[in-house]
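A.B. asks: Input structure: target.tsv, which contains TSV, C-alpha atoms.
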chain	number	residue	atom	x	y	z
A	7	MET	CA	27.44	81.50	-64.63
A	8	ASP	CA	24.91	79.68	-62.49
A	9	SER	CA	26.39	76.31	-63.47
A	10	VAL	CA	29.84	77.49	-62.42
A	11	LEU	CA	28.52	78.57	-59.02
A	12	ASP	CA	26.65	75.27	-58.65
A	13	ASN	CA	29.81	73.30	-59.37
A	14	PHE	CA	31.75	75.40	-56.89
A	15	THR	CA	29.24	74.86	-54.10
A	16	LYS	CA	29.16	71.12	-54.81
A	17	THR	CA	32.94	70.75	-54.63
A	18	GLU	CA	33.81	68.77	-51.51
A	19	PHE	CA	36.23	70.28	-49.05
A	20	ILE	CA	37.66	69.35	-45.67
A	21	SER	CA	39.27	72.01	-43.52
A	22	ILE	CA	41.07	71.00	-40.32
A	23	CYS	CA	42.86	73.22	-37.84
A	24	VAL	CA	44.77	72.47	-34.62
A	25	GLN	CA	44.92	75.55	-32.40
A	26	ASN	CA	44.48	77.13	-28.96
A	27	PRO	CA	46.78	75.04	-26.70
A	28	ARG	CA	45.62	74.88	-23.09
A	29	LEU	CA	47.20	73.68	-19.87
A	30	VAL	CA	44.96	71.22	-18.03
A	31	LYS	CA	45.49	70.31	-14.37
A	32	GLU	CA	44.21	67.00	-13.04
A	33	ASP	CA	45.03	66.44	-9.37
A	34	TRP	CA	48.84	66.60	-9.22
A	35	LEU	CA	49.34	66.09	-12.94
A	36	THR	CA	49.18	68.53	-15.82
A	37	HIS	CA	49.02	68.16	-19.57
A	38	VAL	CA	48.41	70.30	-22.65
A	39	ASP	CA	45.46	69.79	-24.96
A	40	TYR	CA	44.61	71.41	-28.28
A	41	GLU	CA	41.44	72.45	-30.05
A	42	ILE	CA	40.70	70.59	-33.28
A	43	CYS	CA	38.25	72.43	-35.52
A	44	LEU	CA	36.83	70.71	-38.57
A	45	HIS	CA	34.66	72.18	-41.35
A	46	SER	CA	33.48	70.10	-44.30
A	47	ASN	CA	30.63	69.62	-46.74
A	48	SER	CA	31.63	65.99	-47.31
A	49	MET	CA	28.97	63.32	-46.78
A	50	CYS	CA	31.62	61.32	-44.90
A	51	PHE	CA	31.12	63.53	-41.83
A	52	ARG	CA	28.05	63.57	-39.64
A	53	LYS	CA	28.62	67.20	-38.67
A	54	ALA	CA	29.50	70.00	-41.07
A	55	ALA	CA	31.43	71.77	-38.30
A	56	SER	CA	32.83	70.63	-34.98
A	57	CYS	CA	35.44	71.52	-32.37
A	58	VAL	CA	36.89	69.12	-29.81
A	59	ARG	CA	39.97	69.11	-27.59
A	60	ARG	CA	42.62	66.39	-27.71
A	61	ARG	CA	46.07	65.93	-26.20
A	62	TYR	CA	49.24	64.69	-27.87
A	63	SER	CA	49.02	61.17	-26.37
A	64	GLU	CA	45.57	60.80	-27.95
A	65	PHE	CA	47.07	61.62	-31.35
A	66	VAL	CA	49.62	58.85	-30.73
A	67	TRP	CA	46.77	56.45	-29.96
A	68	LEU	CA	44.90	57.50	-33.11
A	69	ARG	CA	47.89	56.91	-35.35
A	70	HIS	CA	48.52	53.47	-33.85
A	71	SER	CA	44.83	52.53	-34.19
A	72	LEU	CA	44.61	53.64	-37.82
A	73	GLU	CA	47.84	51.82	-38.59
A	74	GLN	CA	46.48	48.56	-37.15
A	75	ASN	CA	43.24	48.87	-39.09
A	76	ALA	CA	44.75	49.90	-42.45
A	77	LEU	CA	47.95	47.90	-42.80
A	78	ILE	CA	48.36	48.66	-46.51
A	79	ILE	CA	48.68	52.40	-45.92
A	80	GLU	CA	51.83	54.11	-44.71
A	81	LEU	CA	50.64	56.70	-42.23
A	82	PRO	CA	52.32	60.09	-41.83
A	83	LYS	CA	54.43	60.62	-38.74
A	84	LEU	CA	53.52	62.76	-35.77
A	85	PRO	CA	55.90	65.31	-34.30
A	86	PRO	CA	58.28	63.53	-31.91
A	87	ARG	CA	57.80	63.40	-28.17
A	88	ILE	CA	59.59	66.12	-26.24
A	89	PRO	CA	60.72	65.02	-22.74
A	90	PHE	CA	60.42	68.49	-21.22
A	91	PHE	CA	57.62	69.99	-23.29
A	92	SER	CA	56.53	73.40	-21.99
A	93	LEU	CA	53.60	75.58	-22.93
A	94	ARG	CA	55.86	78.57	-22.30
A	95	ASN	CA	58.15	77.48	-25.11
A	96	THR	CA	56.35	79.06	-28.06
A	97	GLU	CA	58.49	77.34	-30.68
A	98	GLN	CA	57.81	73.88	-29.24
A	99	VAL	CA	54.06	74.54	-29.09
A	100	VAL	CA	53.83	75.93	-32.62
A	101	GLN	CA	55.88	73.10	-34.12
A	102	ARG	CA	53.79	70.47	-32.36
A	103	MET	CA	50.51	72.04	-33.51
A	104	LYS	CA	51.77	72.30	-37.10
A	105	GLY	CA	52.89	68.68	-37.02
A	106	MET	CA	49.59	67.37	-35.66
A	107	GLN	CA	47.61	69.43	-38.17
A	108	ALA	CA	49.76	68.17	-41.06
A	109	PHE	CA	49.18	64.61	-39.82
A	110	LEU	CA	45.40	65.06	-39.86
A	111	GLU	CA	45.42	66.77	-43.25
A	112	ILE	CA	47.14	63.77	-44.84
A	113	VAL	CA	44.95	61.24	-43.01
A	114	LEU	CA	41.78	62.98	-44.19
A	115	GLN	CA	42.85	62.58	-47.81
A	116	SER	CA	42.57	58.80	-47.59
A	117	PRO	CA	39.12	57.30	-48.35
A	118	LEU	CA	40.10	54.12	-46.51
A	119	LEU	CA	41.03	55.96	-43.32
A	120	LEU	CA	37.91	58.11	-43.62
A	121	SER	CA	35.82	54.97	-43.22
A	122	ASP	CA	37.29	54.28	-39.76
A	123	SER	CA	34.79	55.10	-37.02
A	124	ARG	CA	37.54	55.84	-34.51
A	125	LEU	CA	38.81	58.71	-36.64
A	126	HIS	CA	35.36	60.29	-36.69
A	127	LEU	CA	34.84	59.85	-32.96
A	128	PHE	CA	38.29	61.33	-32.35
A	129	LEU	CA	37.49	64.41	-34.46
A	130	GLN	CA	33.82	64.98	-33.73
A	131	SER	CA	32.99	63.62	-30.28
A	132	GLU	CA	34.19	64.28	-26.77
A	133	LEU	CA	34.51	60.61	-25.86
A	134	SER	CA	37.67	59.48	-24.13
A	135	ILE	CA	39.91	56.96	-25.87
A	136	THR	CA	38.55	54.13	-23.71
A	137	LYS	CA	34.97	55.04	-24.58
A	138	ILE	CA	35.80	55.36	-28.29
A	139	GLU	CA	37.14	51.80	-28.27
A	140	LYS	CA	34.00	50.54	-26.53
A	141	CYS	CA	31.71	52.47	-28.86
A	142	VAL	CA	33.18	51.11	-32.10
A	143	ARG	CA	32.86	47.58	-30.72
A	144	GLY	CA	29.21	48.06	-29.83
A	145	LYS	CA	29.87	47.97	-26.09
A	146	THR	CA	27.96	51.17	-25.30
A	147	ARG	CA	24.28	52.14	-25.22
A	148	TYR	CA	24.91	54.76	-27.91
A	149	THR	CA	25.98	54.33	-31.51
A	150	VAL	CA	28.82	56.11	-33.30
A	151	ALA	CA	26.28	58.44	-34.92
A	152	GLU	CA	24.69	59.32	-31.57
A	153	ALA	CA	28.08	59.91	-29.94
A	154	ILE	CA	28.91	62.46	-32.63
A	155	GLN	CA	25.57	64.14	-33.18
A	156	ARG	CA	24.74	64.50	-29.48
A	157	SER	CA	28.21	64.93	-28.04
A	158	ASN	CA	27.40	68.27	-26.37
A	159	SER	CA	23.79	67.63	-25.37
A	160	GLY	CA	24.29	65.57	-22.22
A	161	TYR	CA	22.55	62.64	-23.94
A	162	ILE	CA	25.62	60.41	-23.79
A	163	SER	CA	26.15	61.10	-20.08
A	164	ARG	CA	22.54	60.17	-19.32
A	165	LEU	CA	22.89	56.89	-21.21
A	166	GLU	CA	26.12	56.08	-19.37
A	167	ASP	CA	24.47	56.83	-16.02
A	168	LYS	CA	21.60	54.53	-16.94
A	169	ALA	CA	24.01	51.82	-18.04
A	170	SER	CA	25.84	52.10	-14.73
A	171	CYS	CA	22.57	51.84	-12.83
A	172	ASP	CA	21.44	48.81	-14.87
A	173	SER	CA	24.82	47.18	-14.32
A	174	ASP	CA	24.47	47.60	-10.55
A	175	CYS	CA	20.97	46.14	-10.68
A	176	HIS	CA	22.30	43.21	-12.71
A	177	SER	CA	24.95	42.53	-10.09
A	178	ASP	CA	22.29	42.51	-7.37
A	179	CYS	CA	20.17	40.08	-9.37
A	180	GLU	CA	23.12	37.75	-9.91
A	181	SER	CA	23.91	37.65	-6.21
A	182	SER	CA	20.33	36.74	-5.29
A	183	SER	CA	19.55	34.33	-8.11
A	184	SER	CA	21.42	31.91	-10.36
A	185	SER	CA	18.65	31.71	-12.94
A	186	GLY	CA	20.64	33.66	-15.52
A	187	PHE	CA	18.18	36.55	-15.96
A	188	GLY	CA	19.35	40.17	-16.22
A	189	GLN	CA	22.04	40.28	-18.90
A	190	SER	CA	24.73	42.95	-18.64
A	191	VAL	CA	24.18	46.01	-20.82
A	192	ASP	CA	27.61	45.49	-22.37
A	193	THR	CA	26.96	41.87	-23.39
A	194	PRO	CA	25.50	41.28	-26.88
A	195	LEU	CA	22.28	39.30	-26.82
A	196	GLN	CA	22.66	35.73	-27.97
A	197	GLY	CA	21.81	35.45	-31.62
A	198	SER	CA	22.00	39.18	-32.27
A	199	PRO	CA	23.75	40.19	-35.51
A	200	VAL	CA	27.36	41.25	-35.13
A	201	SER	CA	29.25	43.18	-37.81
A	202	SER	CA	32.24	41.34	-39.28
A	203	ASN	CA	34.31	44.46	-38.72
A	204	PRO	CA	32.92	46.69	-35.93
A	205	LEU	CA	35.58	49.30	-36.56
A	206	ARG	CA	34.04	50.10	-39.92
A	207	ASP	CA	30.87	52.19	-39.97
A	208	PRO	CA	28.69	51.14	-42.96
A	209	GLU	CA	27.42	54.69	-43.41
A	210	LEU	CA	30.94	56.09	-43.33
A	211	CYS	CA	32.10	53.46	-45.80
A	212	SER	CA	29.47	54.64	-48.26
A	213	CYS	CA	31.53	57.75	-48.90
A	214	LEU	CA	34.24	55.64	-50.55
A	215	SER	CA	32.20	55.21	-53.70
A	216	GLU	CA	31.53	58.95	-53.84
A	217	SER	CA	35.13	60.15	-53.51
Translate this file's structure into structure tokens.
C.D. replies:
Amino acid sequence: MDSVLDNFTKTEFISICVQNPRLVKEDWLTHVDYEICLHSNSMCFRKAASCVRRRYSEFVWLRHSLEQNALIIELPKLPPRIPFFSLRNTEQVVQRMKGMQAFLEIVLQSPLLLSDSRLHLFLQSELSITKIEKCVRGKTRYTVAEAIQRSNSGYISRLEDKASCDSDCHSDCESSSSSGFGQSVDTPLQGSPVSSNPLRDPELCSCLSES
């Protein structure tokens, strides 16, 4: 009996849910975002549970990015764009949420796609799309792991503020001297090791041999 329970607890699972649509107003523009809740005991994920909010256009970006990075895989389709999408139209909202959830469920079944850092940042961090792209290319002061593990702690914001301050100081130094000192925080140091594929996280890739 104990062995059966042990096997049950060791069975990997990934549960994903798209829910709670919300209307967001930014200046004169509005959009709808959705809560993505993930629960898993898989070693592929840095957090066992997480909830973030993403909008439809970010799903479109994710699909395109995964498609470019995994050309041999045919990705599932997202629900189509609706020109006059309305949060008041319950049927439209429900169908879109179901479609986005179905998309993620299929994506999360692929070991190759699970090794893509952008997927993990999309699901388990609050970084914008622009910051996700910078992070996977090593153009931020924080790593993929830090962006996920400390997404709600204010740690990332403090690093970005410091990077902005250092960048301003670098600009001042450049204007007063041509000696070349004071490298930009976003510029890799000469001679520093660079991954052959920055979009792949070595720790995330390790889960491929375990699946």
A.B. asks: Rounded to one decimal in Å, what is the spacing between atom CA of Gln130 of chain A and atom CA of Asn95 of chain A?
C.D. replies: 28.7 Å
A.B. asks: For His126 of chain A, which of A:Thr36, A:Lys53, A:Asn75, A:Lys31 is the closest residue, counting all atoms listed in the file?
C.D. replies: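 That would be A:Lys53, the residue with the smallest distance to His126 of chain A.
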A.B. asks: Which one is closest to Glu139 of chain A: A:His37, A:Arg124, A:Lys83, A:Arg94? Count all atoms listed in the file.
C.D. replies: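 Closest to Glu139 of chain A, using all atoms listed in the file: A:Arg124.
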A.B. asks: Using only C-alpha atoms, collect all residues at a distance of at most 12 Å from (50.1, 57.3, -43.0) as written in the file, then present them as an NGL selection string.
C.D. replies: :A and (68-84 or 108-116 or 118-119)
A.B. asks: Calculate how many Å separate atom CA of Arg52 of chain A from atom CA of Phe65 of chain A, rounding to one decimal.
C.D. replies: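 Taking atom CA of Arg52 of chain A as the start and atom CA of Phe65 of chain A as the end point, the length is 20.8 Å.
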